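Coordinates from final17.cif are shown below (mmCIF, C-alpha atoms).
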data_upload
loop_
_atom_site.label_atom_id
_atom_site.label_comp_id
_atom_site.auth_asym_id
_atom_site.auth_seq_id
_atom_site.Cartn_x
_atom_site.Cartn_y
_atom_site.Cartn_z
CA MET A 7 20.34 4.39 -18.99
CA GLU A 8 21.95 7.82 -19.18
CA PHE A 9 24.43 9.67 -17.02
CA ALA A 10 24.66 13.47 -16.95
CA ASP A 11 25.42 16.13 -14.34
CA GLY A 12 25.95 13.58 -11.60
CA ILE A 13 22.56 11.88 -12.19
CA LEU A 14 22.20 8.29 -13.41
CA ASP A 15 18.78 7.93 -15.09
CA ILE A 16 17.37 4.41 -15.19
CA SER A 17 14.88 3.66 -18.00
CA PRO A 18 11.50 1.96 -17.35
CA PHE A 19 12.74 -1.36 -18.79
CA LEU A 20 15.81 -1.44 -16.56
CA ALA A 21 13.74 -0.24 -13.58
CA VAL A 22 11.40 -3.24 -13.91
CA THR A 23 14.37 -5.57 -14.39
CA LEU A 24 16.03 -4.21 -11.27
CA GLY A 25 12.73 -4.50 -9.39
CA ILE A 26 12.61 -8.22 -10.21
CA ILE A 27 16.20 -8.63 -9.03
CA VAL A 28 15.27 -6.82 -5.80
CA LEU A 29 12.40 -9.27 -5.26
CA PHE A 30 14.74 -12.25 -5.55
CA LEU A 31 17.26 -10.52 -3.31
CA GLY A 32 14.57 -9.96 -0.68
CA LYS A 33 13.48 -13.60 -0.93
CA ARG A 34 17.03 -14.84 -0.41
CA LEU A 35 17.54 -12.52 2.56
CA ASN A 36 14.26 -13.63 4.14
CA GLU A 37 15.25 -17.26 3.68
CA THR A 38 18.65 -16.60 5.24
CA TRP A 39 17.59 -14.48 8.21
CA ARG A 40 14.84 -16.11 10.25
CA PRO A 41 13.50 -12.96 12.03
CA LEU A 42 12.45 -11.53 8.65
CA ARG A 43 10.28 -14.61 8.07
CA GLU A 44 9.01 -14.81 11.63
CA PHE A 45 7.72 -11.23 11.53
CA SER A 46 6.31 -11.58 7.99
CA ILE A 47 8.39 -8.74 6.53
CA PRO A 48 7.44 -8.59 2.82
CA GLU A 49 10.24 -9.73 0.51
CA PRO A 50 10.11 -6.57 -1.67
CA VAL A 51 10.53 -4.48 1.48
CA THR A 52 13.66 -6.38 2.50
CA GLY A 53 15.28 -6.12 -0.91
CA GLY A 54 14.02 -2.61 -1.71
CA LEU A 55 15.29 -1.06 1.52
CA LEU A 56 18.69 -2.69 1.09
CA LEU A 57 19.07 -1.35 -2.45
CA SER A 58 17.92 2.16 -1.52
CA LEU A 59 20.52 2.13 1.26
CA LEU A 60 23.21 1.08 -1.22
CA PHE A 61 22.19 3.88 -3.58
CA GLY A 62 22.39 6.28 -0.64
CA LEU A 63 25.92 5.12 0.17
CA LEU A 64 26.84 5.55 -3.50
CA TYR A 65 25.59 9.14 -3.40
CA TRP A 66 27.43 9.99 -0.19
CA ALA A 67 30.66 8.39 -1.49
CA SER A 68 30.65 9.73 -5.07
CA GLY A 69 27.91 12.35 -5.40
CA VAL A 70 26.14 10.23 -8.06
CA ALA A 71 22.35 10.25 -7.67
CA VAL A 72 20.35 7.33 -9.11
CA GLU A 73 16.89 8.27 -10.47
CA PHE A 74 14.30 5.90 -11.94
CA ASP A 75 11.62 6.31 -14.59
CA LEU A 76 8.73 4.59 -12.77
CA ALA A 77 6.05 4.70 -15.49
CA ALA A 78 5.90 0.88 -15.63
CA ARG A 79 5.49 0.71 -11.85
CA ASP A 80 2.17 2.57 -11.96
CA LEU A 81 0.75 0.04 -14.46
CA LEU A 82 1.63 -2.75 -12.05
CA LEU A 83 -0.45 -1.03 -9.37
CA VAL A 84 -3.45 -0.96 -11.74
CA TYR A 85 -2.95 -4.68 -12.46
CA PHE A 86 -2.87 -5.52 -8.78
CA PHE A 87 -6.03 -3.71 -7.76
CA THR A 88 -7.88 -5.08 -10.76
CA THR A 89 -7.12 -8.60 -9.53
CA ILE A 90 -8.55 -7.68 -6.12
CA GLY A 91 -11.76 -6.53 -7.82
CA ILE A 92 -11.98 -9.72 -9.90
CA ASN A 93 -11.68 -11.77 -6.70
CA ALA A 94 -14.53 -9.92 -4.94
CA SER A 95 -17.82 -11.81 -4.75
CA LEU A 96 -21.20 -10.44 -3.63
CA SER A 97 -21.14 -12.70 -0.57
CA ASP A 98 -17.84 -11.11 0.49
CA LEU A 99 -19.18 -7.63 -0.12
CA ARG A 100 -22.29 -8.38 1.97
CA ALA A 101 -20.13 -9.82 4.73
CA GLY A 102 -17.89 -6.77 4.52
CA GLY A 103 -20.72 -4.25 4.87
CA ARG A 104 -20.74 -3.78 8.66
CA PRO A 105 -16.97 -4.34 9.15
CA LEU A 106 -16.33 -1.89 6.31
CA ILE A 107 -18.38 0.83 8.03
CA ILE A 108 -16.69 0.11 11.38
CA LEU A 109 -13.18 0.24 9.90
CA LEU A 110 -14.04 3.42 8.03
CA ALA A 111 -15.26 5.08 11.25
CA ILE A 112 -12.08 4.05 13.07
CA THR A 113 -9.98 5.39 10.20
CA ILE A 114 -11.71 8.78 10.22
CA ILE A 115 -11.13 9.17 13.97
CA TYR A 116 -7.54 8.00 13.55
CA MET A 117 -6.91 10.57 10.80
CA ALA A 118 -8.01 13.36 13.13
CA LEU A 119 -5.73 11.99 15.86
CA GLN A 120 -2.84 11.73 13.40
CA ASN A 121 -3.10 15.42 12.51
CA LEU A 122 -3.44 16.38 16.19
CA THR A 123 -0.32 14.34 17.03
CA GLY A 124 1.71 15.93 14.24
CA ILE A 125 0.67 19.44 15.25
CA SER A 126 1.43 18.79 18.94
CA VAL A 127 4.93 17.43 18.32
CA ALA A 128 5.72 20.24 15.88
CA ALA A 129 4.68 22.74 18.55
CA LEU A 130 7.22 21.20 20.96
CA PHE A 131 9.94 22.16 18.46
CA GLY A 132 8.49 25.63 18.02
CA LEU A 133 7.34 24.83 14.48
CA PRO A 134 4.09 26.12 12.96
CA ALA A 135 1.01 23.90 12.82
CA PRO A 136 1.17 23.31 9.04
CA VAL A 137 4.51 21.53 9.57
CA GLY A 138 2.67 19.16 11.90
CA LEU A 139 0.05 18.56 9.23
CA LEU A 140 2.85 17.69 6.81
CA GLY A 141 3.79 15.03 9.37
CA GLY A 142 0.11 13.98 9.60
CA THR A 143 -2.43 12.89 7.01
CA VAL A 144 -0.83 15.03 4.30
CA SER A 145 2.13 12.66 4.00
CA LEU A 146 1.39 9.56 6.11
CA ILE A 147 -2.09 8.33 5.29
CA GLY A 148 -1.98 10.55 2.21
CA GLY A 149 1.36 9.24 0.95
CA HIS A 150 3.81 10.81 -1.48
CA GLY A 151 1.12 11.85 -3.96
CA THR A 152 -0.87 13.89 -1.42
CA ALA A 153 2.33 15.39 0.04
CA ILE A 154 3.49 16.51 -3.40
CA ALA A 155 0.05 17.92 -4.21
CA TRP A 156 -0.33 19.97 -1.00
CA ALA A 157 3.26 21.04 -0.29
CA PRO A 158 3.33 23.96 -2.81
CA ARG A 159 0.16 25.45 -1.35
CA ILE A 160 1.44 25.12 2.23
CA ALA A 161 4.76 26.65 1.20
CA GLU A 162 3.06 29.62 -0.46
CA ASP A 163 0.25 30.28 2.02
CA TYR A 164 2.18 29.68 5.25
CA GLY A 165 5.76 30.64 4.32
CA ILE A 166 7.23 27.17 4.85
CA ALA A 167 9.89 27.13 2.15
CA ASN A 168 10.91 23.49 2.65
CA ALA A 169 7.35 22.13 2.81
CA MET A 170 7.98 19.78 -0.11
CA GLU A 171 11.09 18.29 1.50
CA ILE A 172 9.31 17.84 4.85
CA GLY A 173 6.31 16.17 3.22
CA ILE A 174 8.39 13.81 1.09
CA ALA A 175 10.67 12.94 4.02
CA CYS A 176 7.71 12.09 6.28
CA ALA A 177 6.06 10.06 3.53
CA THR A 178 9.29 8.15 2.88
CA PHE A 179 10.10 7.31 6.50
CA GLY A 180 6.42 6.55 7.10
CA LEU A 181 6.48 4.08 4.23
CA ILE A 182 9.46 2.30 5.79
CA LEU A 183 7.80 2.11 9.22
CA ALA A 184 4.51 0.93 7.71
CA SER A 185 6.30 -1.82 5.78
CA LEU A 186 7.96 -3.07 8.98
CA MET A 187 4.96 -2.68 11.29
CA GLY A 188 2.16 -4.83 9.87
CA GLY A 189 3.76 -8.28 10.06
CA PRO A 190 4.97 -8.04 13.67
CA ILE A 191 1.58 -6.72 14.85
CA ALA A 192 -0.24 -9.60 13.16
CA LYS A 193 2.26 -12.15 14.53
CA PHE A 194 1.79 -10.80 18.06
CA LEU A 195 -2.01 -10.94 17.85
CA ILE A 196 -2.18 -14.35 16.14
CA HIS A 197 0.13 -16.04 18.64
CA ARG A 198 -1.19 -14.29 21.72
CA HIS A 199 -4.80 -15.22 20.96
CA ALA A 200 -4.10 -18.56 19.17
CA LEU A 201 -5.94 -17.41 16.05
CA GLU A 202 -6.50 -19.47 12.92
CA PRO A 203 -8.32 -18.77 9.64
CA ALA A 204 -11.80 -20.22 9.24
CA GLY A 205 -11.63 -23.15 6.80
CA HIS A 206 -9.07 -23.30 4.01
CA PRO A 207 -10.04 -20.64 1.46
CA GLU A 208 -7.95 -19.84 -1.60
CA GLN A 209 -5.32 -17.12 -1.36
CA ASP A 210 -6.11 -13.68 -2.79
CA VAL A 211 -2.42 -12.98 -3.42
CA GLY A 212 0.17 -15.69 -4.11
CA VAL A 213 0.05 -19.13 -2.49
CA SER A 214 0.39 -20.27 1.09
CA SER A 215 3.92 -21.01 2.26
CA GLU A 216 2.68 -24.41 3.48
CA GLU A 217 1.14 -25.48 0.15
CA GLN A 218 2.56 -26.76 -3.10
CA ALA A 219 2.32 -24.31 -5.98
CA PRO A 220 -0.85 -25.12 -7.99
CA SER A 221 -0.60 -26.40 -11.54
CA LEU A 222 -0.86 -23.59 -14.06
CA THR A 223 -0.82 -23.57 -17.86
CA TYR A 224 0.01 -20.71 -20.18
CA LEU A 225 -3.66 -20.61 -21.25
CA ASP A 226 -4.72 -20.15 -17.61
CA PHE A 227 -2.28 -17.27 -17.35
CA LEU A 228 -3.38 -15.64 -20.63
CA ASP A 229 -7.05 -16.04 -19.71
CA ALA A 230 -6.41 -14.19 -16.46
CA ILE A 231 -4.49 -11.45 -18.31
CA LEU A 232 -7.41 -11.08 -20.73
CA ALA A 233 -9.90 -10.71 -17.87
CA ILE A 234 -7.66 -8.11 -16.23
CA HIS A 235 -7.34 -6.12 -19.45
CA ILE A 236 -11.12 -6.18 -20.03
CA SER A 237 -11.62 -4.93 -16.48
CA ILE A 238 -9.01 -2.18 -16.96
CA ILE A 239 -10.74 -1.00 -20.16
CA VAL A 240 -14.04 -0.79 -18.28
CA GLY A 241 -12.23 0.92 -15.39
CA LEU A 242 -10.78 3.58 -17.72
CA LEU A 243 -14.27 4.26 -19.10
CA LEU A 244 -15.59 4.57 -15.54
CA ASN A 245 -12.77 6.99 -14.76
CA ARG A 246 -13.78 9.18 -17.70
CA LEU A 247 -17.38 9.05 -16.50
CA VAL A 248 -16.63 10.19 -12.95
CA GLU A 249 -14.45 12.98 -14.36
CA THR A 250 -17.55 14.38 -16.07
CA TRP A 251 -19.15 14.51 -12.61
CA GLY A 252 -16.27 16.66 -11.32
CA LEU A 253 -14.58 13.85 -9.35
CA GLN A 254 -10.92 12.88 -9.62
CA LEU A 255 -10.21 9.27 -8.67
CA PRO A 256 -6.97 7.33 -9.16
CA THR A 257 -7.16 4.94 -12.11
CA PHE A 258 -6.57 1.91 -9.91
CA VAL A 259 -9.72 2.72 -7.89
CA THR A 260 -12.06 2.65 -10.89
CA CYS A 261 -10.32 -0.49 -12.21
CA LEU A 262 -10.92 -2.11 -8.81
CA PHE A 263 -14.63 -1.31 -9.10
CA ALA A 264 -14.70 -2.50 -12.71
CA GLY A 265 -13.36 -5.87 -11.60
CA ILE A 266 -16.02 -6.08 -8.88
CA LEU A 267 -18.80 -5.18 -11.34
CA LEU A 268 -17.74 -7.69 -13.99
CA THR A 269 -17.23 -10.48 -11.46
CA ASN A 270 -20.69 -10.05 -9.96
CA LEU A 271 -22.77 -8.95 -12.97
CA VAL A 272 -21.49 -11.23 -15.74
CA PRO A 273 -23.12 -14.70 -15.47
CA LYS A 274 -20.71 -17.55 -14.79
CA ASN A 275 -21.85 -19.35 -17.94
CA PHE A 276 -21.44 -16.26 -20.12
CA PRO A 277 -19.60 -17.37 -23.29
CA ARG A 278 -15.99 -16.18 -23.47
CA ILE A 279 -13.56 -16.56 -26.35
CA SER A 280 -11.20 -18.51 -24.09
CA GLY A 281 -13.89 -21.10 -23.40
CA ARG A 282 -13.27 -20.69 -19.66
CA ARG A 283 -15.22 -19.24 -16.78
CA TRP A 284 -14.44 -15.80 -15.43
CA PRO A 285 -11.20 -16.39 -13.45
CA THR A 286 -12.33 -15.36 -9.97
CA ARG A 287 -9.96 -16.71 -7.30
CA THR A 288 -7.98 -18.85 -9.68
CA PRO A 289 -4.26 -19.64 -9.18
CA ALA A 290 -3.48 -17.49 -12.24
CA ILE A 291 -5.13 -14.39 -10.76
CA ALA A 292 -3.37 -14.96 -7.42
CA LEU A 293 -0.03 -15.34 -9.22
CA ILE A 294 -0.48 -12.12 -11.22
CA ALA A 295 -1.50 -10.27 -8.05
CA ASP A 296 1.65 -11.49 -6.33
CA ILE A 297 3.90 -10.50 -9.25
CA SER A 298 2.42 -7.03 -9.73
CA LEU A 299 2.28 -6.10 -6.03
CA GLY A 300 5.74 -7.41 -5.23
CA THR A 301 7.41 -5.71 -8.19
CA PHE A 302 5.53 -2.43 -7.55
CA LEU A 303 6.62 -2.27 -3.93
CA ALA A 304 10.19 -3.31 -4.72
CA MET A 305 10.45 -0.52 -7.31
CA SER A 306 8.91 2.02 -4.91
CA LEU A 307 11.32 1.28 -2.09
CA MET A 308 14.49 0.87 -4.13
CA SER A 309 13.89 4.31 -5.74
CA MET A 310 13.77 6.22 -2.45
CA GLN A 311 16.48 8.90 -2.28
CA LEU A 312 17.48 8.63 1.36
CA TRP A 313 20.17 11.31 1.06
CA THR A 314 17.51 14.00 0.65
CA LEU A 315 16.18 13.35 4.16
CA VAL A 316 19.22 13.73 6.41
CA GLU A 317 18.95 17.47 7.14
CA LEU A 318 15.34 17.12 8.31
CA ALA A 319 16.00 14.18 10.62
CA GLY A 320 15.42 15.78 14.07
CA PRO A 321 11.80 17.01 14.06
CA ILE A 322 10.77 14.36 11.55
CA ILE A 323 12.04 11.51 13.73
CA ALA A 324 10.19 12.95 16.73
CA ILE A 325 6.94 13.32 14.78
CA LEU A 326 7.18 9.87 13.24
CA THR A 327 8.05 8.23 16.57
CA ALA A 328 4.89 9.67 18.08
CA GLN A 329 2.87 8.65 15.00
CA PHE A 330 4.31 5.13 15.13
CA VAL A 331 3.36 4.69 18.79
CA LEU A 332 -0.14 6.03 18.07
CA ALA A 333 -0.58 3.63 15.14
CA VAL A 334 0.52 0.58 17.16
CA LEU A 335 -1.75 1.43 20.10
CA VAL A 336 -4.78 2.08 17.87
CA ASN A 337 -4.13 -1.18 16.04
CA ILE A 338 -3.80 -3.43 19.06
CA PHE A 339 -6.30 -1.86 21.44
CA ILE A 340 -8.96 -0.55 19.06
CA VAL A 341 -8.88 -2.01 15.55
CA PHE A 342 -8.31 -5.62 16.65
CA ARG A 343 -10.95 -5.54 19.35
CA VAL A 344 -13.62 -3.68 17.41
CA MET A 345 -13.12 -5.80 14.27
CA GLY A 346 -13.91 -9.00 16.18
CA ARG A 347 -10.73 -10.23 17.93
CA ASN A 348 -10.42 -13.06 15.36
CA TYR A 349 -8.00 -14.05 12.60
CA ASP A 350 -9.56 -11.68 10.06
CA ALA A 351 -9.15 -8.86 12.58
CA ALA A 352 -5.44 -9.66 12.98
CA VAL A 353 -4.91 -9.56 9.20
CA ILE A 354 -6.87 -6.30 9.00
CA CYS A 355 -4.52 -4.90 11.66
CA SER A 356 -1.51 -5.72 9.47
CA GLY A 357 -3.21 -3.83 6.65
CA PHE A 358 -4.16 -0.91 8.90
CA GLY A 359 -0.53 -0.74 9.96
CA GLY A 360 0.29 -0.22 6.29
CA ILE A 361 -2.23 2.52 5.59
CA SER A 362 -1.76 4.35 8.91
CA LEU A 363 1.81 5.40 8.08
CA GLY A 364 2.33 4.26 4.50
CA SER A 365 0.19 3.59 1.47
CA THR A 366 -2.41 1.28 0.01
CA PRO A 367 0.17 -1.01 -1.67
CA THR A 368 2.07 -1.26 1.63
CA ALA A 369 -1.12 -2.34 3.39
CA MET A 370 -1.76 -5.00 0.75
CA ALA A 371 1.85 -6.25 0.88
CA ASN A 372 1.65 -6.55 4.68
CA MET A 373 -1.56 -8.58 4.44
CA ALA A 374 -0.17 -10.73 1.62
CA ALA A 375 2.90 -11.61 3.68
CA VAL A 376 0.77 -12.49 6.71
CA THR A 377 -1.82 -14.57 4.84
CA GLN A 378 0.80 -16.50 2.90
CA ARG A 379 2.30 -17.52 6.24
CA TYR A 380 -0.85 -18.12 8.31
CA GLY A 381 -3.77 -18.53 5.88
CA ALA A 382 -6.17 -16.56 3.67
CA SER A 383 -8.53 -13.78 4.77
CA HIS A 384 -10.96 -12.71 2.04
CA LEU A 385 -12.68 -10.21 4.34
CA ALA A 386 -9.45 -8.29 4.91
CA PHE A 387 -8.71 -8.11 1.18
CA ILE A 388 -12.19 -6.71 0.53
CA ILE A 389 -12.64 -4.02 3.17
CA VAL A 390 -9.06 -2.72 3.57
CA PRO A 391 -8.65 -1.78 -0.14
CA LEU A 392 -12.07 -0.10 -0.20
CA VAL A 393 -11.27 1.96 2.88
CA CYS A 394 -7.73 2.95 1.98
CA ALA A 395 -7.99 3.16 -1.82
CA PHE A 396 -11.27 5.04 -2.05
CA PHE A 397 -12.67 6.56 1.13
CA ILE A 398 -9.39 7.82 2.59
CA ASP A 399 -8.63 10.02 -0.42
CA LEU A 400 -12.10 11.56 -0.27
CA ILE A 401 -11.94 12.17 3.49
CA ASN A 402 -8.41 13.55 3.34
CA ALA A 403 -9.42 15.95 0.57
CA LEU A 404 -11.87 17.50 3.04
CA LEU A 405 -9.84 17.11 6.24
CA ILE A 406 -6.63 18.80 5.04
CA PRO A 407 -8.17 22.15 3.99
CA PHE A 408 -10.35 22.11 7.12
CA SER A 409 -7.29 21.60 9.33
CA LEU A 410 -5.29 24.27 7.50
CA GLY A 411 -8.18 26.70 7.77
CA ALA A 412 -8.16 26.31 11.54
CA PHE A 413 -4.70 27.98 11.77
#
As structure tokens:
Amino acid sequence: MEFADGILDISPFLAVTLGIIVLFLGKRLNETWRPLREFSIPEPVTGGLLLSLLFGLLYWASGVAVEFDLAARDLLLVYFFTTIGINASLSDLRAGGRPLIILLAITIIYMALQNLTGISVAALFGLPAPVGLLGGTVSLIGGHGTAIAWAPRIAEDYGIANAMEIGIACATFGLILASLMGGPIAKFLIHRHALEPAGHPEQDVGVSSEEQAPSLTYLDFLDAILAIHISIIVGLLLNRLVETWGLQLPTFVTCLFAGILLTNLVPKNFPRISGRRWPTRTPAIALIADISLGTFLAMSLMSMQLWTLVELAGPIIAILTAQFVLAVLVNIFIVFRVMGRNYDAAVICSGFGGISLGSTPTAMANMAAVTQRYGASHLAFIIVPLVCAFFIDLINALLIPFSLGAF
């Protein structure tokens, strides 16, 4: 930890430590305040937002800005998506084929509507269309990474000097809205239609709030870590391979596919040095998924610099309000109905609420919070990551330049 020129730099070790503290803080707050539990607000969201608000108050009171080195956070994201791949069976993938295509089609149409909404609201403020795109798929479905990647080009080509600030502000507020949207939508749909999960399948992330924690030994945990590391090594090799084809995919995407490949191609009786079967859907894998996702999201939210967003509040609030209303309506009246009007559809809606305004981890955290309260949904944890972690990036890479070229 270093302090210089009014900036307090937090090292990766301390950032992870603080992320864990934020998780416990969020858990205590959720236990204390019933509405947070009732609407399935993820614990890292509760704690992370509170801490980012405190850091904002510190900045406004003293001028001291807190900045985090988040290198360790990105590794946690790779861990999480690798566990999702390890939990994916061929039967799930076959079952997810048609729903996957349907959800992808809905998402593509929604992305076009999101850009149209952003452009329309920007026009009401007399702002150029690229500003509306910054409040569309560039920052919302695209997230901080896409906003940071496209903002310099928009600033240079269209003379929007504060494009980076607009993009980051929209991505940040969108992340907050997405984190708060998924649980309430799922609660509304589940209670209104009296939905229940089919059977009693194992959780993909964590354990159900109504069940006792399963017994777990240190060898179970280490065996799961070993499987994750093997999958990550294969995923890194896959990433190098696709780079030779001219494609750029996030590391967590290829690690997700590596987990799927190893789970479904390696025979169950294949000899392993641990003497155990491949740990698909074991309590250890679910525990590691819960730890990595929760800590990642806690670190992401606690590191938001809210003080950088105040000057852009007016147009951004208007754009995001319109985008929020659009996302809720699409979720309730389109996604839920088209995906089957069942429990899986309700969980998918909580995930779609995450990706529509936030990010892939937000979608997964929303679904994890809902399933731990109401019951597992393997279908949701198969098709939502594939749509939002793989296809969205490819579609957005084509949609953004097409939309910019139209103006």
Compile a residue-level contact table for range 300-367 of chain A against range 382-403 of chain A at a cut-off of 10 Å, reporting for every qualifying residue the shortest atom pair and its distance in Å to one decimal, with only C-alpha atoms counted, rows ordered by chain and ascending number, as JSON lines.
{"residue": "A:Tyr349", "atom": "CA", "partner": "A:Ser383", "partner_atom": "CA", "distance": 7.9}
{"residue": "A:Asp350", "atom": "CA", "partner": "A:Ser383", "partner_atom": "CA", "distance": 5.8}
{"residue": "A:Ala351", "atom": "CA", "partner": "A:Ala386", "partner_atom": "CA", "distance": 7.7}
{"residue": "A:Ala352", "atom": "CA", "partner": "A:Ala386", "partner_atom": "CA", "distance": 9.1}
{"residue": "A:Val353", "atom": "CA", "partner": "A:Ala386", "partner_atom": "CA", "distance": 6.4}
{"residue": "A:Ile354", "atom": "CA", "partner": "A:Ala386", "partner_atom": "CA", "distance": 5.2}
{"residue": "A:Cys355", "atom": "CA", "partner": "A:Ala386", "partner_atom": "CA", "distance": 9.0}
{"residue": "A:Ser356", "atom": "CA", "partner": "A:Ala386", "partner_atom": "CA", "distance": 9.5}
{"residue": "A:Gly357", "atom": "CA", "partner": "A:Val390", "partner_atom": "CA", "distance": 6.7}
{"residue": "A:Phe358", "atom": "CA", "partner": "A:Val390", "partner_atom": "CA", "distance": 7.5}
{"residue": "A:Gly360", "atom": "CA", "partner": "A:Cys394", "partner_atom": "CA", "distance": 9.6}
{"residue": "A:Ile361", "atom": "CA", "partner": "A:Cys394", "partner_atom": "CA", "distance": 6.6}
{"residue": "A:Ser362", "atom": "CA", "partner": "A:Cys394", "partner_atom": "CA", "distance": 9.3}
{"residue": "A:Ser365", "atom": "CA", "partner": "A:Cys394", "partner_atom": "CA", "distance": 8.0}
{"residue": "A:Thr366", "atom": "CA", "partner": "A:Cys394", "partner_atom": "CA", "distance": 5.9}
{"residue": "A:Pro367", "atom": "CA", "partner": "A:Pro391", "partner_atom": "CA", "distance": 9.0}
message: Just checking: using only C-alpha atoms, which residue out of A:Arg379, A:Leu335, A:Ala135, A:Met345 ends up closest to Ala111 in chain A?
response: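 Distance minimum relative to Ala111 in chain A lands on A:Met345.
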field: For Pro321 in chain A, the nearest of the candidates A:Gly62, A:Gly132, A:Gly32, A:Gly12, counting only C-alpha atoms
entry: A:Gly132
message: Considering all atoms listed in the file, can you say which of A:Ile16, A:Ala175, A:Ala161, A:Val51 comes closest to Lys33 in chain A?
response: A:Val51
field: Separation of CA of Val22 in chain A from CA of Ser237 in chain A in Å
entry: 23.2 Å
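Nearest to Thr23 in chain A of all the residues A:Met305, A:Ala333, A:Leu55, A:Val137 is A:Met305, based on only C-alpha atoms.
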Determine, using only C-alpha atoms, which residues of range 34-98 of chain A have any atom at most 10 Å from an atom of range 278-294 of chain A, and tabulate each with its shortest atom pair and distance in Å to one decimal place, rows ordered by chain and then rising number, as a tab-separated table.
residue	atom	partner	partner_atom	distance
A:Leu82	CA	A:Ile294	CA	9.6
A:Tyr85	CA	A:Ile294	CA	7.9
A:Phe86	CA	A:Ile294	CA	7.4
A:Thr88	CA	A:Ile291	CA	9.7
A:Thr89	CA	A:Ile291	CA	6.2
A:Ile90	CA	A:Ile291	CA	8.8
A:Gly91	CA	A:Thr286	CA	9.1
A:Ile92	CA	A:Thr286	CA	5.7
A:Asn93	CA	A:Thr286	CA	4.9
A:Ala94	CA	A:Thr286	CA	7.7
A:Ser95	CA	A:Thr286	CA	8.4
task: Step by step, work through what the PyMOL selection byres ((chain A and resi 264) around 10) selects in the shown file, and finish by giving those residues as a PyMOL selection string.
output: chain A and resi 88+91-92+234+236-245+258-263+265-269
query: Of the residues A:Leu271, A:Leu20, A:Leu139, A:Val331, which is the one nearest to Ile160 in chain A, using only C-alpha atoms?
result: A:Leu139
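Ranking A:Thr52, A:Leu81, A:Asn372, A:Gly364 by their shortest atom-to-atom distance to Ala153 in chain A, with all atoms listed in the file included, puts A:Gly364 first.
Across the structure, CA of Met170 in chain A and CA of Met308 in chain A are spaced 20.4 Å apart.
Between CA of Val272 in chain A and CA of Ile231 in chain A the separation is 17.2 Å.
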- request: Could you state which residues are captured by the PyMOL selection byres ((chain A and resi 193) around 8) in this file, as a ChimeraX atom specification?
  value: /A:44-46,189-192,194-197,376
message: I'd like to see the residues matched by the PyMOL selection byres ((chain A and resi 156-158) around 10) on this file, and ideally I'd get them as an MDAnalysis selection string.
response: chainID A and resid 136:137 140 144:145 151:155 159:164 166:174 406:407
message: Counting only C-alpha atoms, which residues sit no farther than 10 Å from the position (15.1, 6.3, -14.6) in the file's frame? I'd like them as a list in words.
response: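 In the file's frame, the residues around the point are Met7, Glu8, Ile13, Leu14, Asp15, Ile16, Ser17, Pro18, Phe19, Leu20, Ala21, Val72, Glu73, Phe74, Asp75, Leu76, Ala77 and Ser309 of chain A.
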query: So which residues touch Thr301 in chain A within 9 Å, counting all atoms listed in the file, skipping near sequence neighbours fewer than 4 positions away, as a VMD selection string?
result: chain A and resid 22 25 to 26 28 to 29 50 79 82 296 to 297 305 to 306
